[in-house]
>>> print(open('final_26.txt').read())   # compact mmCIF, C-alpha atoms and all ligand atoms
# COMPACT_ATOMS: atom_id res chain seq x y z
CA MET A 104 130.51 100.65 50.15
CA ALA A 105 131.08 97.87 47.67
CA ASN A 106 131.35 96.50 44.15
CA VAL A 107 128.59 94.14 43.02
CA THR A 108 129.31 91.66 40.24
CA LEU A 109 126.83 89.36 38.55
CA THR A 110 128.21 86.74 36.19
CA LYS A 111 125.82 84.80 33.94
CA VAL A 112 123.10 85.08 36.59
CA GLY A 113 119.84 83.35 35.78
CA LYS A 114 116.58 82.56 37.52
CA VAL A 115 114.25 79.70 36.74
CA TYR A 116 111.00 79.47 38.67
CA THR A 117 109.39 76.08 38.99
CA GLY A 118 105.66 76.01 39.61
CA ASP A 119 103.71 73.51 41.73
CA ASP A 120 102.89 71.60 38.54
CA GLY A 121 106.61 71.16 37.83
CA ALA A 122 106.56 73.53 34.84
CA SER A 123 109.54 75.85 34.79
CA PHE A 124 109.75 79.49 33.71
CA ARG A 125 112.96 81.35 32.99
CA ALA A 126 112.55 84.87 34.40
CA VAL A 127 116.18 86.03 34.14
CA GLU A 128 118.83 84.85 31.73
CA ALA A 129 122.62 85.19 31.69
CA VAL A 130 122.84 88.61 33.32
CA ASP A 131 126.39 89.99 33.40
CA LEU A 132 126.71 93.16 35.41
CA SER A 133 129.58 94.85 37.12
CA ILE A 134 128.46 97.66 39.42
CA LYS A 135 131.31 99.76 40.72
CA ASP A 136 131.74 101.04 44.25
CA GLY A 137 129.63 104.18 44.66
CA GLU A 138 127.78 103.75 41.37
CA PHE A 139 124.05 104.46 40.93
CA CYS A 140 122.87 101.58 38.75
CA VAL A 141 119.27 101.54 37.53
CA LEU A 142 117.56 98.42 36.18
CA VAL A 143 114.75 99.54 33.90
CA GLY A 144 112.33 97.70 31.67
CA PRO A 145 108.65 96.94 31.13
CA SER A 146 106.56 94.94 33.59
CA GLY A 147 107.72 91.32 33.80
CA CYS A 148 111.16 91.89 32.28
CA GLY A 149 112.91 90.38 35.32
CA LYS A 150 114.27 93.49 37.02
CA SER A 151 112.73 92.84 40.47
CA THR A 152 113.81 89.21 40.33
CA THR A 153 117.38 90.35 39.60
CA LEU A 154 117.26 92.79 42.51
CA ARG A 155 115.81 90.17 44.84
CA MET A 156 118.61 87.77 43.90
CA ILE A 157 121.16 90.45 44.83
CA ALA A 158 119.31 90.97 48.13
CA GLY A 159 119.27 87.25 48.88
CA LEU A 160 115.46 87.17 48.90
CA GLU A 161 115.41 84.91 45.84
CA GLU A 162 117.67 81.94 45.22
CA ILE A 163 120.08 82.27 42.29
CA SER A 164 119.47 79.42 39.83
CA GLU A 165 122.58 79.93 37.68
CA GLY A 166 125.74 82.00 37.71
CA SER A 167 127.52 83.83 40.48
CA LEU A 168 126.99 86.95 42.57
CA GLU A 169 129.95 88.61 44.25
CA ILE A 170 129.96 91.53 46.66
CA ASP A 171 133.41 93.03 47.03
CA GLY A 172 134.96 89.97 45.44
CA THR A 173 133.28 87.49 47.81
CA LEU A 174 130.90 84.91 46.38
CA VAL A 175 127.58 85.39 48.19
CA ASN A 176 125.22 83.07 46.28
CA ASP A 177 124.57 81.07 49.43
CA VAL A 178 124.94 83.84 52.01
CA PRO A 179 121.58 84.56 53.71
CA ALA A 180 120.00 87.99 53.10
CA LYS A 181 120.62 89.16 56.67
CA ASP A 182 124.36 88.54 56.35
CA ARG A 183 124.88 90.38 53.04
CA ASP A 184 125.01 93.84 54.63
CA ILE A 185 122.46 95.19 52.18
CA ALA A 186 119.57 97.60 52.81
CA PHE A 187 116.38 97.21 50.81
CA VAL A 188 113.78 99.97 50.25
CA PHE A 189 110.51 98.69 48.84
CA GLN A 190 107.68 100.35 46.99
CA ASN A 191 105.38 100.08 50.01
CA TYR A 192 107.53 101.69 52.64
CA ALA A 193 106.70 99.04 55.24
CA LEU A 194 107.07 101.42 58.16
CA TYR A 195 105.97 100.21 61.57
CA PRO A 196 102.73 102.09 62.27
CA HIS A 197 103.10 101.90 66.06
CA LEU A 198 106.63 103.36 66.04
CA THR A 199 107.59 107.02 65.64
CA VAL A 200 109.81 108.29 62.83
CA ALA A 201 112.84 108.16 65.15
CA GLN A 202 112.00 104.61 66.21
CA ASN A 203 111.44 103.51 62.63
CA ILE A 204 114.85 104.90 61.63
CA ALA A 205 116.45 103.22 64.63
CA PHE A 206 114.83 99.96 63.62
CA GLY A 207 117.30 99.83 60.74
CA LEU A 208 120.00 99.33 63.32
CA GLU A 209 118.19 96.40 64.82
CA THR A 210 119.75 93.69 62.71
CA ARG A 211 123.19 94.97 63.64
CA ARG A 212 122.46 94.76 67.35
CA ALA A 213 120.85 91.77 68.85
CA HIS A 214 118.01 93.30 70.85
CA ARG A 215 115.28 95.40 69.36
CA SER A 216 113.57 95.96 72.66
CA GLY A 217 116.79 97.49 73.96
CA LEU A 218 116.84 99.89 71.06
CA ILE A 219 113.29 101.01 71.49
CA ALA A 220 113.87 101.34 75.19
CA ALA A 221 116.93 103.46 74.49
CA LEU A 222 114.80 105.80 72.41
CA THR A 223 111.94 106.05 74.80
CA GLY A 224 114.24 106.34 77.78
CA ALA A 225 112.59 103.27 79.31
CA GLY A 226 114.21 100.13 80.63
CA GLY A 227 117.83 99.47 81.24
CA ALA A 228 119.46 100.29 77.89
CA ARG A 229 123.05 101.26 78.38
CA ARG A 230 123.72 104.98 78.33
CA ASP A 231 126.48 104.90 75.70
CA GLU A 232 124.38 102.77 73.37
CA SER A 233 121.47 105.15 73.78
CA GLN A 234 123.69 108.10 72.95
CA ALA A 235 125.11 106.39 69.87
CA ILE A 236 121.61 105.63 68.61
CA HIS A 237 120.41 109.17 69.20
CA ALA A 238 123.46 110.55 67.41
CA ARG A 239 122.88 108.28 64.42
CA ILE A 240 119.19 109.23 64.22
CA ALA A 241 120.11 112.92 64.39
CA GLU A 242 122.64 112.48 61.58
CA VAL A 243 120.25 110.54 59.35
CA SER A 244 117.27 112.81 59.97
CA LYS A 245 119.40 115.87 59.19
CA THR A 246 120.55 114.29 55.93
CA LEU A 247 116.95 113.64 54.91
CA GLY A 248 115.35 116.77 56.38
CA LEU A 249 113.29 114.76 58.87
CA ASP A 250 114.43 116.57 62.03
CA ALA A 251 111.07 118.18 62.71
CA LEU A 252 109.15 114.94 62.25
CA LEU A 253 111.01 112.57 64.56
CA HIS A 254 108.16 112.22 67.06
CA ARG A 255 105.40 111.72 64.52
CA TYR A 256 103.84 108.38 63.62
CA PRO A 257 103.67 107.18 59.97
CA ARG A 258 99.94 107.95 59.76
CA GLU A 259 100.82 111.61 60.46
CA LEU A 260 103.16 111.85 57.44
CA SER A 261 102.69 112.51 53.73
CA GLY A 262 103.64 109.83 51.19
CA GLY A 263 106.90 111.58 50.39
CA GLN A 264 107.81 111.95 54.07
CA ARG A 265 107.09 108.25 54.67
CA GLN A 266 109.29 107.38 51.75
CA ARG A 267 112.12 109.45 53.25
CA VAL A 268 111.73 107.64 56.57
CA ALA A 269 112.06 104.32 54.73
CA VAL A 270 115.25 105.62 53.12
CA GLY A 271 116.40 106.85 56.54
CA ARG A 272 115.95 103.41 58.00
CA ALA A 273 118.13 102.00 55.20
CA ILE A 274 120.81 104.69 55.63
CA ALA A 275 120.95 104.30 59.41
CA ARG A 276 122.56 100.90 59.06
CA ASP A 277 125.30 102.22 56.78
CA PRO A 278 125.14 99.10 54.61
CA LYS A 279 127.50 98.10 51.82
CA VAL A 280 124.81 98.31 49.15
CA PHE A 281 121.38 99.95 48.88
CA LEU A 282 118.68 98.24 46.84
CA PHE A 283 115.56 100.18 45.84
CA ASP A 284 112.52 98.52 44.23
CA GLU A 285 110.22 101.14 42.65
CA PRO A 286 110.45 103.32 45.78
CA LEU A 287 108.67 106.31 44.20
CA SER A 288 105.78 104.58 42.49
CA ASN A 289 103.28 105.36 45.27
CA LEU A 290 103.96 109.09 45.07
CA ASP A 291 102.09 111.58 42.92
CA ALA A 292 103.84 112.90 39.80
CA ARG A 293 105.15 116.11 41.35
CA LEU A 294 106.44 114.46 44.51
CA ARG A 295 108.08 111.74 42.45
CA ILE A 296 110.11 114.32 40.58
CA GLU A 297 111.07 116.14 43.79
CA THR A 298 112.01 112.94 45.59
CA ARG A 299 114.08 111.60 42.74
CA THR A 300 116.14 114.80 42.81
CA GLU A 301 116.60 114.32 46.56
CA LEU A 302 117.69 110.73 45.99
CA ARG A 303 120.23 111.81 43.43
CA MET A 304 121.65 114.42 45.83
CA LEU A 305 121.65 111.91 48.66
CA HIS A 306 123.61 109.50 46.51
CA ARG A 307 126.24 112.13 45.90
CA ARG A 308 126.53 112.85 49.63
CA LEU A 309 126.69 109.19 50.69
CA ALA A 310 128.77 108.00 47.71
CA ALA A 311 126.75 104.81 48.10
CA THR A 312 126.51 101.82 45.79
CA ILE A 313 122.87 101.75 44.72
CA VAL A 314 120.92 99.30 42.60
CA TYR A 315 117.53 100.76 41.76
CA VAL A 316 114.60 99.22 39.91
CA THR A 317 111.97 101.17 38.02
CA HIS A 318 109.75 100.71 34.99
CA ASP A 319 109.78 104.48 34.40
CA GLN A 320 112.42 105.27 31.81
CA GLU A 321 112.46 108.98 32.60
CA GLU A 322 113.10 108.28 36.30
CA ALA A 323 115.77 105.78 35.27
CA MET A 324 117.54 108.26 33.01
CA THR A 325 117.61 111.05 35.57
CA LEU A 326 119.00 108.86 38.35
CA ALA A 327 121.41 106.48 36.67
CA ASP A 328 125.17 106.58 36.38
CA ARG A 329 124.68 103.23 34.69
CA LEU A 330 121.45 102.25 32.97
CA VAL A 331 120.65 98.58 32.50
CA VAL A 332 117.73 98.12 30.11
CA MET A 333 116.04 94.72 30.48
CA HIS A 334 113.48 92.91 28.36
CA LYS A 335 112.31 89.30 28.59
CA GLY A 336 114.80 88.44 31.29
CA ARG A 337 117.82 89.67 29.35
CA VAL A 338 119.98 92.77 29.49
CA GLN A 339 119.43 94.69 26.27
CA GLN A 340 121.89 97.50 26.96
CA ASN A 341 124.22 98.39 29.82
CA ALA A 342 125.58 101.91 29.39
CA SER A 343 125.13 105.52 30.48
CA ALA A 344 121.68 107.03 30.04
CA GLN A 345 123.06 109.31 27.35
CA GLU A 346 124.56 106.41 25.41
CA CYS A 347 121.29 104.43 25.60
CA TYR A 348 119.46 107.46 24.24
CA GLU A 349 121.91 108.49 21.55
CA ARG A 350 123.11 105.05 20.43
CA PRO A 351 120.48 102.50 21.44
CA ALA A 352 122.00 99.04 21.09
CA ASN A 353 118.89 97.55 19.54
CA ARG A 354 115.38 98.27 18.43
CA PHE A 355 113.84 97.48 21.81
CA VAL A 356 116.02 100.03 23.62
CA ALA A 357 115.35 102.58 20.86
CA GLY A 358 111.61 102.25 21.43
CA PHE A 359 111.79 102.12 25.23
CA ILE A 360 114.16 104.98 26.08
CA GLY A 361 112.93 108.46 25.21
CA THR A 362 109.64 110.37 25.50
CA PRO A 363 107.79 110.41 23.19
CA PRO A 364 109.30 107.15 21.91
CA MET A 365 111.44 107.01 18.79
CA ASN A 366 109.51 106.62 15.52
CA LEU A 367 110.30 103.11 14.21
CA VAL A 368 109.32 101.96 10.74
CA ASP A 369 109.80 98.45 9.30
CA GLY A 370 110.98 98.43 5.72
CA HIS A 371 113.80 97.73 3.33
CA LEU A 372 117.09 99.44 2.61
CA LYS A 373 118.61 99.32 -0.86
CA ALA A 374 121.30 101.53 -2.39
CA GLY A 375 120.91 104.02 0.47
CA THR A 376 117.16 104.38 -0.01
CA PHE A 377 114.71 103.23 2.65
CA THR A 378 111.31 102.01 1.45
CA ALA A 379 108.27 101.12 3.55
CA ASN A 380 104.75 100.55 2.29
CA GLY A 381 105.71 101.78 -1.17
CA VAL A 382 107.08 105.12 0.05
CA ALA A 383 110.82 105.60 -0.52
CA ILE A 384 113.15 108.15 1.08
CA ALA A 385 116.80 108.53 0.06
CA LEU A 386 118.88 108.47 3.25
CA GLY A 387 122.14 109.42 1.58
CA ALA A 388 125.26 107.93 0.08
CA GLU A 389 126.72 106.80 3.43
CA TYR A 390 123.82 104.35 3.81
CA ALA A 391 124.53 102.69 0.45
CA ARG A 392 127.38 100.66 2.00
CA LEU A 393 124.85 98.93 4.27
CA GLY A 394 123.64 96.91 1.28
CA ASP A 395 120.28 95.45 0.45
CA ARG A 396 118.42 94.32 3.58
CA ALA A 397 115.22 94.28 5.61
CA CYS A 398 115.56 96.66 8.57
CA ALA A 399 113.81 99.15 10.80
CA LEU A 400 114.41 102.88 10.46
CA GLY A 401 114.26 105.00 13.61
CA PHE A 402 114.18 108.76 14.12
CA ARG A 403 113.33 110.71 17.24
CA PRO A 404 110.24 112.95 17.30
CA ASP A 405 112.38 116.02 17.99
CA ARG A 406 114.31 115.37 14.78
CA VAL A 407 111.16 115.55 12.65
CA LYS A 408 110.40 118.62 10.57
CA LEU A 409 106.98 119.23 9.13
CA VAL A 410 107.12 120.59 5.59
CA ALA A 411 104.51 121.50 3.00
CA PRO A 412 102.52 118.58 1.55
CA ASN A 413 104.17 116.88 -1.46
CA THR A 414 107.62 118.32 -0.70
CA THR A 415 110.26 116.09 -2.32
CA GLY A 416 111.94 113.78 0.20
CA SER A 417 109.04 113.90 2.65
CA VAL A 418 106.40 111.36 3.68
CA ALA A 419 102.80 112.49 3.14
CA ALA A 420 100.98 112.97 6.43
CA SER A 421 97.72 114.05 7.92
CA ILE A 422 97.76 115.59 11.40
CA ALA A 423 95.80 113.27 13.68
CA ALA A 424 96.31 115.06 17.00
CA VAL A 425 97.99 118.18 18.37
CA GLU A 426 99.13 118.12 22.01
CA ARG A 427 100.26 121.52 23.24
CA LEU A 428 102.63 121.15 26.20
CA GLY A 429 103.61 124.77 26.78
CA ASP A 430 107.06 125.31 25.29
CA ARG A 431 106.68 122.39 22.87
CA THR A 432 103.94 120.62 20.95
CA ASP A 433 103.63 116.92 20.09
CA ILE A 434 101.98 116.18 16.76
CA ALA A 435 100.61 112.71 15.95
CA LEU A 436 100.69 112.06 12.21
CA ASP A 437 98.94 109.45 10.09
CA THR A 438 101.24 108.40 7.25
CA PRO A 439 101.80 105.46 4.89
CA TRP A 440 104.59 104.56 7.37
CA GLY A 441 102.04 104.26 10.14
CA ARG A 442 101.52 106.65 13.07
CA LEU A 443 104.53 108.96 13.53
CA VAL A 444 105.13 111.63 16.15
CA ALA A 445 106.80 115.00 15.78
CA ARG A 446 107.89 117.15 18.73
CA LEU A 447 108.07 120.78 17.65
CA ASP A 448 108.75 124.11 19.33
CA ALA A 449 105.43 125.61 20.35
CA ASP A 450 106.03 128.63 18.12
CA VAL A 451 106.65 126.46 15.07
CA ALA A 452 103.49 124.44 15.76
CA ARG A 453 101.22 127.36 16.62
CA SER A 454 99.30 127.38 13.34
CA LEU A 455 98.97 123.60 12.95
CA ARG A 456 95.50 122.08 13.26
CA GLU A 457 94.16 118.54 13.41
CA GLY A 458 93.19 117.38 9.90
CA ASP A 459 95.85 119.52 8.17
CA ALA A 460 97.96 117.86 5.47
CA ALA A 461 101.75 117.99 5.85
CA GLY A 462 104.99 116.31 4.81
CA VAL A 463 107.22 114.50 7.31
CA SER A 464 110.90 115.10 6.86
CA PHE A 465 113.88 114.22 9.08
CA ASP A 466 117.61 114.71 9.09
CA SER A 467 119.07 111.36 8.05
CA SER A 468 122.33 112.07 9.90
CA HIS A 469 120.28 111.49 13.07
CA ALA A 470 118.53 108.36 11.79
CA HIS A 471 119.06 104.93 13.37
CA LEU A 472 118.87 101.59 11.60
CA PHE A 473 118.19 98.26 13.26
CA GLU A 474 118.06 94.66 12.11
CA ALA A 475 114.53 93.36 11.61
CA GLY A 476 112.79 91.89 14.68
CA GLU A 477 111.76 93.08 18.13
CA CYS A 478 115.32 93.18 19.50
CA GLY A 479 117.10 93.67 16.17
CA GLY A 480 120.61 94.99 16.74
CA ARG A 481 121.90 98.38 15.72
CA ILE A 482 123.26 98.44 12.17
P1 LIG A 501 107.17 94.46 37.49
O1 LIG A 501 107.64 95.81 37.07
O2 LIG A 501 105.78 94.15 37.00
O3 LIG A 501 107.36 94.16 38.94
P2 LIG A 501 109.56 92.95 36.84
O4 LIG A 501 110.34 93.36 35.66
O5 LIG A 501 110.09 93.37 38.15
O6 LIG A 501 108.07 93.39 36.66
P3 LIG A 501 109.73 90.29 37.86
O7 LIG A 501 108.89 90.53 39.07
O8 LIG A 501 111.18 90.16 38.05
O9 LIG A 501 109.43 91.38 36.76
O10 LIG A 501 109.17 88.98 37.13
C1 LIG A 501 109.79 88.47 35.98
C2 LIG A 501 108.97 87.30 35.47
O11 LIG A 501 109.04 86.25 36.43
C3 LIG A 501 107.51 87.64 35.28
O12 LIG A 501 107.05 87.00 34.11
C4 LIG A 501 106.85 87.06 36.51
O13 LIG A 501 105.53 86.64 36.23
C5 LIG A 501 107.73 85.87 36.82
N1 LIG A 501 107.77 85.57 38.25
C6 LIG A 501 108.09 86.42 39.25
N2 LIG A 501 108.02 85.78 40.45
C7 LIG A 501 107.64 84.51 40.20
C8 LIG A 501 107.40 83.36 41.01
N3 LIG A 501 107.56 83.39 42.33
N4 LIG A 501 107.03 82.21 40.39
C9 LIG A 501 106.89 82.15 39.04
N5 LIG A 501 107.11 83.20 38.22
C10 LIG A 501 107.48 84.36 38.78
>>> encode(input="final_26.txt", output="structure tokens")
Amino acid sequence: MANVTLTKVGKVYTGDDGASFRAVEAVDLSIKDGEFCVLVGPSGCGKSTTLRMIAGLEEISEGSLEIDGTLVNDVPAKDRDIAFVFQNYALYPHLTVAQNIAFGLETRRAHRSGLIAALTGAGGARRDESQAIHARIAEVSKTLGLDALLHRYPRELSGGQRQRVAVGRAIARDPKVFLFDEPLSNLDARLRIETRTELRMLHRRLAATIVYVTHDQEEAMTLADRLVVMHKGRVQQNASAQECYERPANRFVAGFIGTPPMNLVDGHLKAGTFTANGVAIALGAEYARLGDRACALGFRPDRVKLVAPNTTGSVAASIAAVERLGDRTDIALDTPWGRLVARLDADVARSLREGDAAGVSFDSSHAHLFEAGECGGRI
């Protein structure tokens, strides 16, 4: 396994008309040996391009990429000792599960036909090589729970099983680094959750260095040792999932990480009081030192309390929607601060109905403040 270090890595695409587009800008990233690093961000933020540059499938326009201290900018993909698992598993339909897993070994050994022959028992593959391949397939299939499926063809597998075969093919090679690009996005919601747990357990067993791309922040948070939140080609925060959630570095991260998203309100802070659209809430003396400034106030839905209408220190609200989710209930609220969301215990929310009036209150010790603007920094 290996360390992966990106220093000021950038990517500029140039179209046929000569126009250039900067997809990735000045990415600094140091992924430690055995770390599970997840690149997350909305569509088009540059996460796949970053991953493809690490893989060697995309040329690096600027900066340097090192694997275990060796500069690999100009090393071809096949010589980087990296395994890539894509969203569409790209299994060979005419090969069995065992043969597909063995295919991962192909680039290591010069002759694919020899490999396949070794598996089918045909041709003149050497006995010791055949045994080594069989042993490796047995090991990998046991790790992934594919033992019973080795003789099936991809068309005879479920989506989740196919995905595991694709992972098996990557593991078989025992590469330095695993790269995953949205590997779960073709699975249904339940299978996605099951498979991501399996991936996390697999990572622990293999102690592998993994770089994983997803647009799904919940998937990212559950998998990552290190979460790298990207937006518009730039890294917005590089920290643990917990840190990104509890202390988002800027307004973008605050709005992106967390379900339902953090409530964010543009307004003005003065003498410790936050005002937006003519409605003022005193945040407390400790906010007075932050001066007189335009800013955005953030508070998570699970920090909201609904109080009686016109309660002092609350924002007047009308309940727009009630979503009952079993143990908890999400309440959408129309307020002078715009649409806000409260996540309440189901018991607390039991009597609430759409159209009811209420007051929105929150604990200011759990409030976040950000500079004005889409990526305004944490204050
Ligand atoms: P998604 O989740 O939709 O795959 P992403 O975050 O992985 O998005 P990238 O695929 O890295 O985003 O693309 C980043 C930006 O670069 C996008 O605006 C995309 O349109 C652009 N881009 C990607 N590939 C090319 C290309 N070959 N030529 C020009 N622009 C490209």
>>> atom_distance(input="final_26.txt", atom1="CA of Leu447 in chain A", atom2="CA of Arg350 in chain A")
21.9 Å
>>> residues_around(input="final_26.txt", residues="Asn176 in chain A", least_positions_apart="4", cutoff="12 Å", atoms="all atoms listed in the file", output="PyMOL selection string")
chain A and resi 108-110+112-113+155-170+172+180+182-183
>>> residues_around(input="final_26.txt", residues="range 252-262 of chain A", least_positions_apart="5", cutoff="7 Å", atoms="all atoms listed in the file", output="mmCIF file with C-alpha atoms, keeping the file's coordinate frame")
data_model
loop_
_atom_site.group_PDB
_atom_site.id
_atom_site.type_symbol
_atom_site.label_atom_id
_atom_site.label_comp_id
_atom_site.auth_asym_id
_atom_site.auth_seq_id
_atom_site.Cartn_x
_atom_site.Cartn_y
_atom_site.Cartn_z
ATOM 1 C CA LEU A 194 107.070 101.420 58.160
ATOM 2 C CA PRO A 196 102.730 102.090 62.270
ATOM 3 C CA HIS A 197 103.100 101.900 66.060
ATOM 4 C CA LEU A 198 106.630 103.360 66.040
ATOM 5 C CA THR A 199 107.590 107.020 65.640
ATOM 6 C CA VAL A 200 109.810 108.290 62.830
ATOM 7 C CA ALA A 201 112.840 108.160 65.150
ATOM 8 C CA LEU A 290 103.960 109.090 45.070
#
>>> atom_distance(input="final_26.txt", atom1="CA of Leu428 in chain A", atom2="CA of Gly358 in chain A")
21.5 Å
>>> atom_distance(input="final_26.txt", atom1="CA of Val175 in chain A", atom2="CA of Leu154 in chain A")
13.9 Å
>>> closest_residue(input="final_26.txt", among="A:Ala423, A:Val331, A:Ala344, A:Val463", to="Cys148 in chain A", atoms="all atoms listed in the file")
A:Val331
>>> closest_residue(input="final_26.txt", among="A:Leu367, A:Ala388, A:Glu426, A:Gly462", to="Pro412 in chain A", atoms="all atoms listed in the file")
A:Gly462
>>> closest_residue(input="final_26.txt", among="A:Ser417, A:Ile274, A:His334, A:Ala126", to="His306 in chain A", atoms="all atoms listed in the file")
A:Ile274
>>> closest_residue(input="final_26.txt", among="A:Val338, A:Ala310, A:Ile360, A:Leu294", to="ligand LIG 501 (chain A)", atoms="all atoms listed in the file")
A:Val338
>>> closest_residue(input="final_26.txt", among="A:Arg276, A:His471, A:Arg307, A:Arg337", to="Arg403 in chain A", atoms="all atoms listed in the file")
A:His471
>>> residues_near_ligand(input="final_26.txt", ligand="ligand LIG 501 (chain A)", cutoff="9 Å", atoms="all atoms listed in the file", output="JSON, numbers by chain")
{"A": [114, 115, 116, 117, 118, 123, 124, 125, 126, 127, 142, 143, 144, 145, 146, 147, 148, 149, 150, 151, 152, 153, 154, 155, 161, 284, 285, 316, 317, 318, 333, 334, 335, 336]}
>>> residues_near_point(input="final_26.txt", point="(105.6, 127.0, 16.5)", cutoff="12 Å", atoms="all atoms listed in the file", output="ChimeraX atom specification")
/A:408-409,425,427-434,446-456
>>> residues_around(input="final_26.txt", residues="Val407 in chain A", least_positions_apart="5", cutoff="7 Å", atoms="all atoms listed in the file", output="list in words")
Ala445, Val463, Ser464 and Phe465 of chain A
>>> closest_residue(input="final_26.txt", among="A:Asp459, A:Pro179, A:Trp440, A:Arg406", to="Ile422 in chain A", atoms="all atoms listed in the file")
A:Asp459
>>> residues_around(input="final_26.txt", residues="Ala275 in chain A", least_positions_apart="3", cutoff="12 Å", atoms="only C-alpha atoms", output="PyMOL selection string")
chain A and resi 185-186+201-211+235-247+267-272+278-279+281+309
>>> write_last_selection(input="final_26.txt", atoms="C-alpha atoms", output="mmCIF file, keeping the file's coordinate frame")
data_model
loop_
_atom_site.group_PDB
_atom_site.id
_atom_site.type_symbol
_atom_site.label_atom_id
_atom_site.label_comp_id
_atom_site.auth_asym_id
_atom_site.auth_seq_id
_atom_site.Cartn_x
_atom_site.Cartn_y
_atom_site.Cartn_z
ATOM 1 C CA ILE A 185 122.460 95.190 52.180
ATOM 2 C CA ALA A 186 119.570 97.600 52.810
ATOM 3 C CA ALA A 201 112.840 108.160 65.150
ATOM 4 C CA GLN A 202 112.000 104.610 66.210
ATOM 5 C CA ASN A 203 111.440 103.510 62.630
ATOM 6 C CA ILE A 204 114.850 104.900 61.630
ATOM 7 C CA ALA A 205 116.450 103.220 64.630
ATOM 8 C CA PHE A 206 114.830 99.960 63.620
ATOM 9 C CA GLY A 207 117.300 99.830 60.740
ATOM 10 C CA LEU A 208 120.000 99.330 63.320
ATOM 11 C CA GLU A 209 118.190 96.400 64.820
ATOM 12 C CA THR A 210 119.750 93.690 62.710
ATOM 13 C CA ARG A 211 123.190 94.970 63.640
ATOM 14 C CA ALA A 235 125.110 106.390 69.870
ATOM 15 C CA ILE A 236 121.610 105.630 68.610
ATOM 16 C CA HIS A 237 120.410 109.170 69.200
ATOM 17 C CA ALA A 238 123.460 110.550 67.410
ATOM 18 C CA ARG A 239 122.880 108.280 64.420
ATOM 19 C CA ILE A 240 119.190 109.230 64.220
ATOM 20 C CA ALA A 241 120.110 112.920 64.390
ATOM 21 C CA GLU A 242 122.640 112.480 61.580
ATOM 22 C CA VAL A 243 120.250 110.540 59.350
ATOM 23 C CA SER A 244 117.270 112.810 59.970
ATOM 24 C CA LYS A 245 119.400 115.870 59.190
ATOM 25 C CA THR A 246 120.550 114.290 55.930
ATOM 26 C CA LEU A 247 116.950 113.640 54.910
ATOM 27 C CA ARG A 267 112.120 109.450 53.250
ATOM 28 C CA VAL A 268 111.730 107.640 56.570
ATOM 29 C CA ALA A 269 112.060 104.320 54.730
ATOM 30 C CA VAL A 270 115.250 105.620 53.120
ATOM 31 C CA GLY A 271 116.400 106.850 56.540
ATOM 32 C CA ARG A 272 115.950 103.410 58.000
ATOM 33 C CA PRO A 278 125.140 99.100 54.610
ATOM 34 C CA LYS A 279 127.500 98.100 51.820
ATOM 35 C CA PHE A 281 121.380 99.950 48.880
ATOM 36 C CA LEU A 309 126.690 109.190 50.690
#
>>> residues_around(input="final_26.txt", residues="Ala383 in chain A", least_positions_apart="3", cutoff="12 Å", atoms="all atoms listed in the file", output="list in words")
Val368, Gly370, His371, Leu372, Lys373, Ala374, Gly375, Thr376, Phe377, Thr378, Ala379, Asn380, Leu386, Leu400, Thr415, Gly416, Ser417, Val418, Ala419, Pro439 and Trp440 of chain A
>>> residues_near_point(input="final_26.txt", point="(119.4, 95.1, 25.6)", cutoff="9 Å", atoms="only C-alpha atoms", output="PyMOL selection string")
chain A and resi 331-334+337-341+351-356+478+480
